[in-house]
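Undergrad: Quick one, start37.cif (mmCIF, C-alpha atoms):
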```
data_start
loop_
_atom_site.label_atom_id
_atom_site.label_comp_id
_atom_site.auth_asym_id
_atom_site.auth_seq_id
_atom_site.Cartn_x
_atom_site.Cartn_y
_atom_site.Cartn_z
CA MET S 1 4.54 -8.11 14.89
CA ALA S 2 4.93 -6.45 11.47
CA ASP S 3 3.04 -3.25 12.32
CA ILE S 4 -0.36 -4.93 12.58
CA GLN S 5 -3.18 -2.37 12.72
CA TYR S 6 -5.90 -2.35 15.38
CA LEU S 7 -8.55 -3.05 12.75
CA GLU S 8 -6.64 -6.16 11.72
CA LEU S 9 -6.84 -7.41 15.31
CA ILE S 10 -10.62 -6.99 15.12
CA TYR S 11 -10.58 -8.94 11.85
CA LEU S 12 -8.52 -11.65 13.56
CA LEU S 13 -11.07 -11.90 16.37
CA GLN S 14 -13.88 -12.20 13.80
CA LEU S 15 -11.91 -14.86 11.96
CA CYS S 16 -11.53 -16.88 15.17
CA VAL S 17 -15.29 -16.66 15.75
CA LEU S 18 -15.96 -17.87 12.20
CA LEU S 19 -13.57 -20.78 12.67
CA LEU S 20 -15.44 -21.77 15.84
CA LEU S 21 -18.74 -21.67 13.91
CA PHE S 22 -17.26 -23.61 10.99
CA PRO S 23 -18.05 -27.08 12.44
CA ARG S 24 -21.73 -26.13 12.78
CA HIS S 25 -21.85 -25.79 8.99
CA ARG S 26 -20.36 -29.28 8.52
CA PHE S 27 -16.97 -27.78 7.58
CA GLN S 28 -18.39 -26.39 4.36
CA VAL S 29 -18.38 -22.85 3.02
CA ARG S 30 -19.80 -21.59 -0.26
CA LEU S 31 -17.78 -18.83 -1.91
CA LEU S 32 -18.38 -16.80 -5.01
CA ARG S 33 -16.01 -17.83 -7.77
CA PRO S 34 -13.92 -14.60 -7.67
CA ALA S 35 -13.56 -14.90 -3.89
CA PHE S 36 -12.41 -18.51 -4.15
CA THR S 37 -9.95 -17.62 -6.92
CA LEU S 38 -8.52 -14.75 -4.87
CA VAL S 39 -8.07 -16.97 -1.81
CA LEU S 40 -6.26 -19.57 -3.92
CA LEU S 41 -3.97 -17.04 -5.63
CA TYR S 42 -3.05 -15.27 -2.38
CA LEU S 43 -2.32 -18.65 -0.81
CA ILE S 44 0.04 -19.49 -3.68
CA PHE S 45 1.74 -16.11 -3.26
CA ALA S 46 2.16 -16.53 0.51
CA MET S 47 3.56 -20.06 0.26
CA ALA S 48 5.99 -19.06 -2.48
CA ALA S 49 7.10 -16.04 -0.44
CA PHE S 50 7.73 -18.30 2.56
CA VAL S 51 9.91 -20.60 0.47
CA LEU S 52 11.88 -17.59 -0.79
CA ALA S 53 12.29 -16.40 2.82
CA LEU S 54 13.93 -19.73 3.64
CA VAL S 55 16.22 -19.34 0.63
CA ALA S 56 17.08 -15.81 1.81
CA LEU S 57 18.61 -17.21 5.02
CA ARG S 58 21.85 -17.46 3.07
CA ASN S 59 22.11 -13.64 3.15
CA ASP S 60 23.93 -11.59 5.78
CA PHE S 61 21.68 -9.71 8.19
CA TYR S 62 22.36 -6.36 9.86
CA TYR S 63 19.97 -5.79 12.76
CA PRO S 64 18.93 -2.30 13.92
CA SER S 65 18.97 -1.57 17.63
CA ASP S 66 15.16 -1.72 18.03
CA ILE S 67 14.77 -5.18 16.46
CA THR S 68 12.31 -7.56 18.10
CA PHE S 69 12.11 -11.34 17.91
CA LEU S 70 9.22 -11.38 15.45
CA LYS S 71 11.17 -9.15 13.05
CA HIS S 72 13.96 -11.68 12.61
CA PRO S 73 14.29 -13.66 9.35
CA VAL S 74 11.45 -16.12 8.61
CA TRP S 75 9.50 -14.88 11.65
CA ILE S 76 8.87 -11.56 9.94
CA THR S 77 7.68 -13.47 6.86
CA LEU S 78 5.30 -15.52 8.99
CA SER S 79 4.00 -12.25 10.48
CA ARG S 80 3.38 -10.91 6.99
CA MET S 81 1.61 -14.13 6.03
CA ILE S 82 -0.68 -13.84 9.06
CA GLU S 83 -1.45 -10.21 8.17
CA LEU S 84 -2.21 -11.19 4.59
CA GLY S 85 -4.43 -14.04 5.78
CA ILE S 86 -6.34 -11.68 8.07
CA ASP S 87 -6.89 -9.13 5.29
CA VAL S 88 -7.92 -11.72 2.69
CA GLY S 89 -10.21 -13.43 5.21
CA ALA S 90 -11.86 -10.13 6.11
CA MET S 91 -12.30 -9.26 2.42
CA VAL S 92 -13.91 -12.61 1.61
CA TYR S 93 -16.15 -12.38 4.68
CA LEU S 94 -17.34 -8.93 3.59
CA ILE S 95 -18.00 -10.12 0.05
CA GLN S 96 -20.17 -12.91 1.43
CA LEU S 97 -21.87 -10.44 3.77
CA PHE S 98 -22.63 -8.05 0.92
CA ARG S 99 -23.96 -10.92 -1.18
CA ALA S 100 -26.30 -12.07 1.58
CA ASP S 101 -28.07 -8.75 2.14
CA LEU S 102 -27.96 -5.51 0.18
CA LYS S 103 -28.45 -3.59 3.43
CA ASN S 104 -24.99 -4.69 4.60
CA LEU S 105 -23.39 -3.31 1.45
CA ILE S 106 -25.21 0.03 1.59
CA PHE S 107 -24.47 0.52 5.29
CA THR S 108 -20.74 -0.19 4.87
CA LEU S 109 -20.48 2.10 1.84
CA LYS S 110 -22.08 4.90 3.85
CA VAL S 111 -19.76 4.35 6.82
CA TYR S 112 -16.70 4.42 4.55
CA PHE S 113 -17.89 7.59 2.86
CA TRP S 114 -18.78 9.54 5.99
CA VAL S 115 -15.60 8.52 7.82
CA GLY S 116 -13.70 10.11 4.95
CA ILE S 117 -15.83 13.25 5.25
CA ALA S 118 -15.09 13.30 9.00
CA GLY S 119 -11.37 13.19 8.15
CA CYS S 120 -11.78 16.16 5.79
CA MET S 121 -13.69 18.16 8.42
CA TYR S 122 -11.07 17.30 11.04
CA SER S 123 -8.35 18.73 8.79
CA ILE S 124 -10.41 21.81 7.91
CA LEU S 125 -11.27 22.58 11.54
CA THR S 126 -7.68 22.11 12.75
CA PHE S 127 -6.22 24.21 9.92
CA PRO S 128 -6.33 27.45 11.99
CA LEU S 129 -4.54 25.70 14.87
CA ASN S 130 -1.73 24.71 12.51
CA TYR S 131 -1.63 28.07 10.77
CA PHE S 132 -1.54 30.26 13.89
CA TYR S 133 -0.10 27.94 16.58
CA ASP S 134 1.84 25.35 14.55
CA MET S 135 -0.16 22.47 16.08
CA GLN S 136 0.32 19.23 14.13
CA LEU S 137 -3.18 17.70 14.04
CA GLY S 138 -5.33 17.12 10.96
CA THR S 139 -3.21 19.79 9.25
CA TYR S 140 0.55 19.69 9.66
CA LEU S 141 3.93 21.10 8.54
CA ASP S 142 4.70 24.67 7.52
CA SER S 143 2.96 24.01 4.20
CA HIS S 144 -0.32 23.42 6.15
CA ARG S 145 -0.86 20.06 4.50
CA MET S 146 -4.07 18.19 5.31
CA ARG S 147 -3.90 14.53 6.31
CA GLY S 148 -7.26 13.67 7.92
CA PHE S 149 -6.81 10.65 10.17
CA PHE S 150 -3.71 9.49 8.25
CA ASN S 151 -0.04 10.03 9.13
CA GLU S 152 0.68 11.91 5.89
CA GLY S 153 -1.12 13.87 3.20
CA GLY S 154 -0.18 11.48 0.37
CA PRO S 155 -2.16 8.45 1.62
CA PHE S 156 -5.01 10.77 2.61
CA GLY S 157 -5.22 12.03 -0.97
CA LEU S 158 -5.37 8.46 -2.30
CA TYR S 159 -8.11 7.67 0.21
CA LEU S 160 -10.12 10.67 -0.99
CA LEU S 161 -9.78 9.42 -4.56
CA SER S 162 -11.59 6.25 -3.49
CA GLU S 163 -14.01 8.46 -1.54
CA ILE S 164 -15.07 10.10 -4.81
CA LEU S 165 -15.82 6.70 -6.37
CA VAL S 166 -17.84 5.53 -3.36
CA GLY S 167 -19.73 8.84 -3.36
CA MET S 168 -20.57 8.35 -7.05
CA VAL S 169 -22.06 4.93 -6.28
CA LEU S 170 -24.17 6.29 -3.42
CA TYR S 171 -25.30 9.22 -5.57
CA ARG S 172 -26.22 7.21 -8.66
CA GLN S 173 -28.10 4.54 -6.72
CA ASN S 174 -29.82 7.15 -4.58
CA TRP S 175 -28.63 5.29 -1.48
CA GLU S 176 -27.76 8.58 0.19
CA SER S 177 -29.40 11.99 0.02
CA ARG S 178 -28.11 13.70 -3.11
CA SER S 179 -28.05 17.09 -1.39
CA ARG S 180 -25.80 15.61 1.32
CA ILE S 181 -23.51 14.12 -1.31
CA ARG S 182 -23.20 17.50 -3.02
CA LEU S 183 -22.31 19.22 0.27
CA ALA S 184 -19.90 16.44 1.19
CA SER S 185 -18.18 16.77 -2.19
CA LEU S 186 -17.11 20.30 -1.20
CA ALA S 187 -15.34 18.90 1.88
CA VAL S 188 -13.70 16.22 -0.29
CA ALA S 189 -12.51 18.88 -2.76
CA VAL S 190 -10.99 20.97 0.05
CA GLY S 191 -9.36 17.89 1.60
CA LEU S 192 -7.98 16.67 -1.73
CA ILE S 193 -6.47 20.06 -2.58
CA GLY S 194 -5.26 20.55 0.98
CA SER S 195 -3.59 17.13 1.08
CA GLN S 196 -1.18 18.34 -1.65
CA SER S 197 -0.98 14.69 -2.64
CA LYS S 198 1.14 14.10 -5.73
CA SER S 199 0.26 10.41 -5.40
CA ALA S 200 -3.44 11.20 -5.82
CA ILE S 201 -2.75 13.24 -8.97
CA PHE S 202 -0.69 10.52 -10.59
CA ALA S 203 -3.10 7.82 -9.39
CA ALA S 204 -6.00 9.66 -11.06
CA ALA S 205 -3.91 9.92 -14.24
CA LEU S 206 -3.14 6.20 -14.05
CA LEU S 207 -6.84 5.33 -13.67
CA PHE S 208 -7.62 7.57 -16.64
CA LEU S 209 -4.87 5.94 -18.71
CA PHE S 210 -5.91 2.40 -17.83
CA ASN S 211 -9.53 3.08 -18.68
CA ALA S 212 -8.46 4.67 -21.95
CA LEU S 213 -6.48 1.58 -22.89
CA MET S 214 -9.56 -0.55 -22.25
CA VAL S 215 -11.61 1.42 -24.80
CA LYS S 216 -12.12 -0.52 -28.01
CA GLN S 217 -11.99 2.41 -30.46
CA ALA S 218 -8.38 3.10 -31.54
CA VAL S 219 -9.13 6.77 -32.28
CA VAL S 220 -10.36 7.29 -28.73
CA ARG S 221 -7.24 5.60 -27.33
CA VAL S 222 -4.91 7.85 -29.31
CA ALA S 223 -6.85 11.00 -28.39
CA VAL S 224 -6.93 10.13 -24.70
CA LEU S 225 -3.25 9.21 -24.59
CA ALA S 226 -2.35 12.48 -26.33
CA GLY S 227 -4.41 14.38 -23.80
CA LEU S 228 -2.72 12.53 -20.94
CA VAL S 229 0.76 13.33 -22.28
CA PHE S 230 -0.25 16.98 -22.52
CA ALA S 231 -1.59 16.93 -18.95
CA VAL S 232 1.63 15.37 -17.64
CA CYS S 233 3.68 18.02 -19.43
CA ILE S 234 1.55 20.75 -17.86
CA ALA S 235 1.85 19.11 -14.43
CA ALA S 236 5.62 19.06 -14.80
CA PHE S 237 5.58 22.85 -14.77
CA VAL S 238 3.37 23.14 -11.69
CA PRO S 239 5.84 24.35 -9.03
CA SER S 240 4.63 22.15 -6.15
CA ILE S 241 4.80 18.99 -8.29
CA SER S 242 7.97 19.64 -10.26
CA SER S 243 9.86 20.83 -7.17
CA SER S 244 8.84 17.74 -5.18
CA ILE S 245 9.95 15.43 -7.99
CA SER S 246 13.29 17.22 -8.31
CA VAL S 247 13.82 17.05 -4.54
CA TYR S 248 13.31 13.27 -4.55
CA ALA S 249 15.47 12.77 -7.64
CA ASN S 250 18.34 14.91 -6.38
CA SER S 251 18.15 13.49 -2.88
CA ALA S 252 18.26 9.92 -4.17
CA ALA S 253 21.20 10.72 -6.44
CA GLN S 254 23.15 12.35 -3.59
CA TYR S 255 21.90 10.01 -0.89
CA GLU S 256 25.29 8.72 0.23
CA TYR S 257 26.49 12.25 0.96
CA LEU S 258 23.20 13.57 2.37
CA SER S 259 22.61 10.63 4.73
CA ASN S 260 25.98 11.24 6.40
CA PHE S 261 25.77 15.03 6.35
CA GLN S 262 22.18 14.96 7.70
CA TYR S 263 22.64 11.89 9.91
CA GLY S 264 20.28 13.18 12.62
CA ASP S 265 17.44 13.72 10.13
CA ASN S 266 15.47 10.51 9.53
CA ASN S 267 13.96 12.05 6.39
CA TYR S 268 17.34 11.47 4.75
CA VAL S 269 18.57 8.36 6.55
CA LEU S 270 15.28 6.41 6.39
CA GLY S 271 12.12 6.14 4.31
CA ARG S 272 11.47 6.81 0.64
CA ILE S 273 14.66 8.71 -0.19
CA ALA S 274 16.75 5.90 1.31
CA GLY S 275 14.55 3.34 -0.43
CA ALA S 276 14.95 5.08 -3.80
CA PHE S 277 18.69 4.52 -3.43
CA ILE S 278 18.75 1.08 -1.79
CA VAL S 279 15.79 -0.78 -3.35
CA PRO S 280 17.10 -0.67 -6.97
CA ARG S 281 20.39 -2.16 -5.74
CA MET S 282 18.51 -4.98 -4.03
CA ILE S 283 16.50 -5.70 -7.16
CA ARG S 284 19.61 -5.63 -9.32
CA THR S 285 21.38 -8.07 -6.96
CA HIS S 286 18.40 -10.43 -6.39
CA PRO S 287 15.97 -9.89 -9.30
CA LEU S 288 14.38 -13.35 -9.15
CA LEU S 289 14.39 -14.38 -5.49
CA GLY S 290 14.48 -11.10 -3.58
CA VAL S 291 15.94 -10.61 -0.09
CA GLY S 292 13.01 -12.22 1.73
CA TRP S 293 9.50 -10.97 2.46
CA GLY S 294 9.79 -8.41 5.28
CA ASN S 295 13.61 -8.53 5.34
CA TYR S 296 14.28 -5.05 3.92
CA ALA S 297 15.01 -3.49 7.32
CA ILE S 298 17.46 -6.20 8.35
CA VAL S 299 19.47 -6.26 5.10
CA ARG S 300 19.35 -2.59 4.04
CA ASN S 301 22.51 -1.86 6.09
CA ASP S 302 24.51 -4.33 4.00
CA PRO S 303 27.33 -2.29 2.35
CA GLU S 304 26.40 -3.94 -0.94
CA TYR S 305 23.08 -2.06 -0.84
CA ARG S 306 23.71 1.10 1.20
CA GLY S 307 27.17 1.77 -0.25
CA GLY S 308 28.78 4.61 1.65
CA SER S 309 25.52 5.94 3.08
CA ALA S 310 24.75 6.19 6.79
CA TRP S 311 23.86 3.19 8.94
CA ALA S 312 20.17 3.06 9.91
CA ASP S 313 19.99 2.25 13.61
CA ILE S 314 16.18 1.93 13.77
CA TYR S 315 13.71 -0.23 11.88
CA ASP S 316 13.13 1.13 8.38
CA SER S 317 10.61 0.68 5.56
CA PRO S 318 11.16 1.93 1.99
CA GLY S 319 7.56 3.12 1.50
CA LEU S 320 7.77 2.39 -2.23
CA GLY S 321 4.82 0.05 -2.59
CA LEU S 322 5.24 -2.66 -5.22
CA LEU S 323 8.82 -1.57 -5.95
CA GLY S 324 9.72 -2.40 -2.36
CA THR S 325 7.83 -5.68 -2.69
CA ALA S 326 9.91 -6.57 -5.75
CA ALA S 327 13.07 -6.09 -3.69
CA GLU S 328 11.79 -8.50 -1.03
CA VAL S 329 10.09 -11.27 -3.04
CA GLY S 330 11.66 -10.85 -6.47
CA ILE S 331 10.21 -9.69 -9.77
CA PRO S 332 8.35 -12.93 -10.77
CA LEU S 333 6.41 -13.16 -7.51
CA THR S 334 5.65 -9.43 -7.61
CA LEU S 335 4.18 -9.89 -11.08
CA LEU S 336 2.00 -12.68 -9.65
CA LEU S 337 0.83 -10.29 -6.93
CA VAL S 338 0.03 -7.61 -9.53
CA THR S 339 -1.96 -10.18 -11.49
CA VAL S 340 -3.97 -11.02 -8.36
CA PHE S 341 -4.61 -7.32 -7.72
CA PHE S 342 -6.00 -6.80 -11.23
CA TYR S 343 -8.07 -10.00 -11.28
CA PRO S 344 -11.22 -8.40 -9.71
CA TYR S 345 -11.16 -5.63 -12.34
CA PHE S 346 -11.10 -8.00 -15.29
CA TYR S 347 -13.71 -10.24 -13.65
CA LEU S 348 -16.03 -7.26 -13.22
CA ARG S 349 -15.33 -6.07 -16.75
CA ARG S 350 -16.29 -9.48 -18.10
CA MET S 351 -19.50 -9.29 -16.05
CA GLY S 352 -20.34 -5.92 -17.58
CA ALA S 353 -20.18 -4.03 -14.28
CA PRO S 354 -20.42 -0.20 -14.48
CA LEU S 355 -17.25 1.82 -14.96
CA VAL S 356 -17.30 3.29 -11.45
CA VAL S 357 -17.42 -0.20 -9.93
CA ARG S 358 -14.53 -1.40 -12.08
CA ASN S 359 -12.52 1.62 -10.97
CA LEU S 360 -13.20 0.75 -7.33
CA ALA S 361 -11.55 -2.60 -8.07
CA LEU S 362 -8.57 -0.72 -9.55
CA MET S 363 -7.99 1.28 -6.37
CA GLN S 364 -6.19 -1.54 -4.54
CA PRO S 365 -3.41 -1.98 -7.13
CA VAL S 366 -3.18 1.80 -7.59
CA ILE S 367 -2.77 2.40 -3.84
CA HIS S 368 -0.04 -0.25 -3.63
CA ILE S 369 1.71 1.10 -6.72
CA PHE S 370 1.95 4.51 -5.07
CA GLY S 371 3.45 3.33 -1.81
CA GLY S 372 0.62 1.73 0.16
CA GLN S 373 1.68 -1.22 2.30
CA LEU S 374 0.12 -4.62 1.65
CA ASN S 375 -1.42 -4.69 5.14
CA LEU S 376 -3.17 -1.34 4.66
CA THR S 377 -6.80 -2.08 5.48
CA HIS S 378 -8.99 0.10 3.27
CA PRO S 379 -7.76 -1.20 -0.14
CA TRP S 380 -9.10 -4.64 0.80
CA LEU S 381 -12.40 -3.05 1.76
CA LEU S 382 -12.56 -1.33 -1.64
CA THR S 383 -12.09 -4.66 -3.44
CA ALA S 384 -14.90 -6.14 -1.32
CA PHE S 385 -17.07 -3.16 -2.27
CA ALA S 386 -16.33 -3.67 -5.96
CA LEU S 387 -17.14 -7.39 -5.99
CA GLY S 388 -20.22 -6.88 -3.80
CA LEU S 389 -21.49 -4.18 -6.15
CA GLY S 390 -20.66 -6.34 -9.16
CA TYR S 391 -22.82 -9.10 -7.68
CA TYR S 392 -25.63 -6.61 -7.06
CA TYR S 393 -25.55 -5.26 -10.61
CA SER S 394 -25.45 -8.79 -12.03
CA CYS S 395 -28.51 -9.72 -10.02
CA ARG S 396 -30.29 -6.62 -11.29
CA GLN S 397 -29.50 -7.56 -14.89
CA LEU S 398 -30.32 -11.25 -14.57
CA ASP S 399 -33.48 -11.02 -12.52
CA ALA S 400 -36.64 -10.63 -14.60
CA SER S 401 -38.43 -8.58 -11.97
CA PRO S 402 -38.91 -4.93 -12.99
CA SER S 403 -38.46 -3.68 -9.44
CA GLU S 404 -34.97 -3.02 -8.09
CA PRO S 405 -33.89 -4.44 -4.74
CA GLN S 406 -34.51 -2.04 -1.91
CA PRO S 407 -32.11 -1.41 0.96
CA GLY S 408 -32.38 -4.28 3.42
CA SER S 409 -33.83 -6.71 0.88
CA VAL S 410 -32.22 -10.09 0.26
CA LEU S 411 -31.16 -10.41 -3.34
CA PRO S 412 -33.35 -12.61 -5.57
CA ARG S 413 -32.62 -16.32 -5.32
CA SER S 414 -32.88 -16.82 -9.08
CA ALA S 415 -30.31 -14.12 -9.69
CA SER S 416 -28.05 -15.43 -6.92
CA ALA S 417 -27.97 -18.84 -8.55
CA ALA S 418 -27.17 -17.31 -11.91
CA VAL S 419 -24.26 -15.27 -10.53
CA ARG S 420 -22.83 -18.24 -8.66
CA ALA S 421 -22.73 -20.11 -11.94
CA GLN S 422 -20.42 -17.50 -13.49
#
```
Go ahead and express the file in the form of structure tokens.
TA:
Amino acid sequence: MADIQYLELIYLLQLCVLLLLFPRHRFQVRLLRPAFTLVLLYLIFAMAAFVLALVALRNDFYYPSDITFLKHPVWITLSRMIELGIDVGAMVYLIQLFRADLKNLIFTLKVYFWVGIAGCMYSILTFPLNYFYDMQLGTYLDSHRMRGFFNEGGPFGLYLLSEILVGMVLYRQNWESRSRIRLASLAVAVGLIGSQSKSAIFAAALLFLFNALMVKQAVVRVAVLAGLVFAVCIAAFVPSISSSISVYANSAAQYEYLSNFQYGDNNYVLGRIAGAFIVPRMIRTHPLLGVGWGNYAIVRNDPEYRGGSAWADIYDSPGLGLLGTAAEVGIPLTLLLVTVFFYPYFYLRRMGAPLVVRNLALMQPVIHIFGGQLNLTHPWLLTAFALGLGYYYSCRQLDASPSEPQPGSVLPRSASAAVRAQ
């Protein structure tokens, strides 16, 4: 299908089990208000994207040699809809699971955190193998870039950014040994630096900027924005960052020449550099309706988009996150998707959830802004974490009992009723 992950297949199996159990509950399910709203908004997005995919049938299609039946027009959109349904269903299920028992939330947070630490240790331990024997494992390329269990260092850096937030939650709530968290933070620091992830740097800056804009005091906003501008200016002179930006900019500008001159190198013919050249042309040509959800690979060879650049003979993805989404579903529907992404943050802010929890909710839009695909699994898990933690903190505020819930305890019924009423 459309690059479905193994974890999504597990989610699909769980969803089938839940559907089989649905009749035993008299075809009724009780959802928290934010979960219900998210399901409704994602359903609207998916149905609108399907309609636009039908409209996109009027376009010309240029199929690569490795095309499969399920990657043809409309079928690829249905595949994306199924993937989205699986991810949304898994997220809602986890939110309900976290609401039912605090132990579920704590256990899943710990698993997420220590899997990330395992990825850092994997990169650290395989660093000598890459340095001395050029083995491409947890560390890869001549620059000895760390990637953990990911394909590249960029997504690994973004993952570690969320790892820091999850670690802060575990540390503050004393749900994990604080000495372990301190030791683990060293591994995270090494992994984050070793990932050489420009995406993580700019994502952290974006989180900082967004939080600054949410501050009520105007003086604080101006001071923070000034500091951010200064930091960006400094970063522009850091060789590894400025050189990478210039490489992308120059490569995109000279893409037509480079893709033909370096035809055997997929780094030039496919991926982000190709997308930086082709995607803006798609958006300019179809700003409202897009080329069809999932259709990028089968229209990118259209001369109207690729110009005089090389033909891509294998299936391609732009890797540009929401910018690539805008090319496929149009600007209006992309703005709807962005609104849905930010909904959990503003819901949690209205509830008075702690800053670290609100920033967990921001990780999903940030990951997608910096190139993460919509079917990437862990951003959905982070949103489930954020809403589950928001429910927990609301219960703690609303319940009159002086004692806090302990791991494994079911949250107070009085507080549960109060939160459901929000």
Undergrad: Per residue of range 244-346 of chain S within 7 Å of range 63-86 of chain S, note the shortest atom pair and the distance in Å to one decimal, counting only C-alpha atoms, and order the rows by chain and increasing residue number, as a Markdown table.
TA:
```
| residue | atom | partner | partner_atom | distance |
| --- | --- | --- | --- | --- |
| S:Trp293 | CA | S:Thr77 | CA | 5.4 |
| S:Gly294 | CA | S:Ile76 | CA | 5.7 |
| S:Asn295 | CA | S:Pro73 | CA | 6.5 |
| S:Ile298 | CA | S:Tyr63 | CA | 5.1 |
| S:Ala312 | CA | S:Pro64 | CA | 6.8 |
| S:Asp313 | CA | S:Pro64 | CA | 4.7 |
| S:Ile314 | CA | S:Pro64 | CA | 5.0 |
| S:Tyr315 | CA | S:Pro64 | CA | 6.0 |
```
Undergrad: Please write the residues picked by the PyMOL selection byres ((chain S and resi 37) around 12) on this file as a short mmCIF file (atom, residue, chain, number, x, y, z; two decimals) with C-alpha atoms, in the coordinates of the input.
TA:
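Written file, expr-v1.cif:
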```cif
data_model
loop_
_atom_site.label_atom_id
_atom_site.label_comp_id
_atom_site.auth_asym_id
_atom_site.auth_seq_id
_atom_site.Cartn_x
_atom_site.Cartn_y
_atom_site.Cartn_z
CA LEU S 31 -17.78 -18.83 -1.91
CA LEU S 32 -18.38 -16.80 -5.01
CA ARG S 33 -16.01 -17.83 -7.77
CA PRO S 34 -13.92 -14.60 -7.67
CA ALA S 35 -13.56 -14.90 -3.89
CA PHE S 36 -12.41 -18.51 -4.15
CA LEU S 38 -8.52 -14.75 -4.87
CA VAL S 39 -8.07 -16.97 -1.81
CA LEU S 40 -6.26 -19.57 -3.92
CA LEU S 41 -3.97 -17.04 -5.63
CA TYR S 42 -3.05 -15.27 -2.38
CA LEU S 43 -2.32 -18.65 -0.81
CA ILE S 44 0.04 -19.49 -3.68
CA VAL S 88 -7.92 -11.72 2.69
CA VAL S 92 -13.91 -12.61 1.61
CA THR S 339 -1.96 -10.18 -11.49
CA VAL S 340 -3.97 -11.02 -8.36
CA PHE S 341 -4.61 -7.32 -7.72
CA TYR S 343 -8.07 -10.00 -11.28
CA PRO S 344 -11.22 -8.40 -9.71
CA TYR S 347 -13.71 -10.24 -13.65
#
```
Undergrad: Counting only C-alpha atoms, what are the residues of range 27-141 of chain S within 9 Å of range 381-396 of chain S, and for each of them which pair of atoms is the nearest and at what distance in Å, to one decimal? Sort the table by chain and rising number, as CSV.
TA:
```
residue,atom,partner,partner_atom,distance
S:Pro34,CA,S:Leu387,CA,8.1
S:Ala35,CA,S:Leu387,CA,8.6
S:Asp87,CA,S:Leu381,CA,8.9
S:Ala90,CA,S:Leu381,CA,8.3
S:Met91,CA,S:Ala384,CA,5.5
S:Val92,CA,S:Ala384,CA,7.2
S:Tyr93,CA,S:Ala384,CA,8.7
S:Leu94,CA,S:Ala384,CA,6.2
S:Ile95,CA,S:Ala384,CA,5.2
S:Gln96,CA,S:Gly388,CA,8.0
S:Leu97,CA,S:Gly388,CA,8.5
S:Phe98,CA,S:Gly388,CA,5.4
S:Arg99,CA,S:Gly388,CA,6.1
S:Leu102,CA,S:Tyr392,CA,7.7
S:Leu105,CA,S:Gly388,CA,7.1
S:Thr108,CA,S:Phe385,CA,8.6
S:Leu109,CA,S:Phe385,CA,7.5
```
Undergrad: Could you check how far CA of Ala189 in chain S sits from CA of Ser123 in chain S, in Å to one decimal?
TA: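 The value is 12.3 Å.
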Undergrad: Residues at most 10 Å from Val366 in chain S, counting all atoms listed in the file, excluding those fewer than 2 positions away in the same chain, as a count of residues only?
TA: 23
Undergrad: Between CA of Asn59 in chain S and CA of Leu270 in chain S, what distance in Å does the model show, to one decimal?
TA: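 According to the coordinates, CA of Asn59 in chain S and CA of Leu270 in chain S are separated by 21.4 Å.
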Undergrad: Using all atoms listed in the file, pick whichever of S:Tyr257, S:Phe132, S:Phe346, S:Tyr296 has the shortest atom-to-atom distance to Gly308 in chain S.
TA: S:Tyr257
Undergrad: Can you translate the PyMOL selection byres ((chain S and resi 53-57) around 6) into the concrete residues it hits in this file, as a list in words?
TA: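 So the PyMOL selection byres ((chain S and resi 53-57) around 6) ends up selecting Phe50, Val51, Leu52, Arg58, Asn59, Val74, Val291 and Gly292 of chain S.
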Undergrad: Have a look at CA of Leu192 in chain S and CA of Gly157 in chain S and let me know their distance in Å, one decimal.
TA: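 Pair CA of Leu192 in chain S / CA of Gly157 in chain S returns 5.5 Å.
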Undergrad: Would you kindly place N, CA and C atoms on range 138-146 of chain S and return the model as a short mmCIF file (atom, residue, chain, number, x, y, z; two decimals), in the coordinates of the input?
TA:
```cif
data_model
loop_
_atom_site.label_atom_id
_atom_site.label_comp_id
_atom_site.auth_asym_id
_atom_site.auth_seq_id
_atom_site.Cartn_x
_atom_site.Cartn_y
_atom_site.Cartn_z
N GLY S 138 -4.87 17.53 12.28
CA GLY S 138 -5.33 17.12 10.96
C GLY S 138 -4.65 17.87 9.83
N THR S 139 -4.06 19.02 10.17
CA THR S 139 -3.21 19.79 9.25
C THR S 139 -1.84 19.90 9.89
N TYR S 140 -0.78 19.75 9.08
CA TYR S 140 0.55 19.69 9.66
C TYR S 140 1.58 20.34 8.73
N LEU S 141 2.79 20.50 9.22
CA LEU S 141 3.93 21.10 8.54
C LEU S 141 3.71 22.60 8.27
N ASP S 142 4.77 23.25 7.84
CA ASP S 142 4.70 24.67 7.52
C ASP S 142 3.89 24.91 6.25
N SER S 143 3.75 23.88 5.43
CA SER S 143 2.96 24.01 4.20
C SER S 143 1.47 23.83 4.46
N HIS S 144 1.09 23.57 5.74
CA HIS S 144 -0.32 23.42 6.15
C HIS S 144 -1.00 22.32 5.33
N ARG S 145 -0.36 21.19 5.29
CA ARG S 145 -0.86 20.06 4.50
C ARG S 145 -1.91 19.28 5.29
N MET S 146 -3.00 18.92 4.65
CA MET S 146 -4.07 18.19 5.31
C MET S 146 -3.84 16.69 5.21
#
```
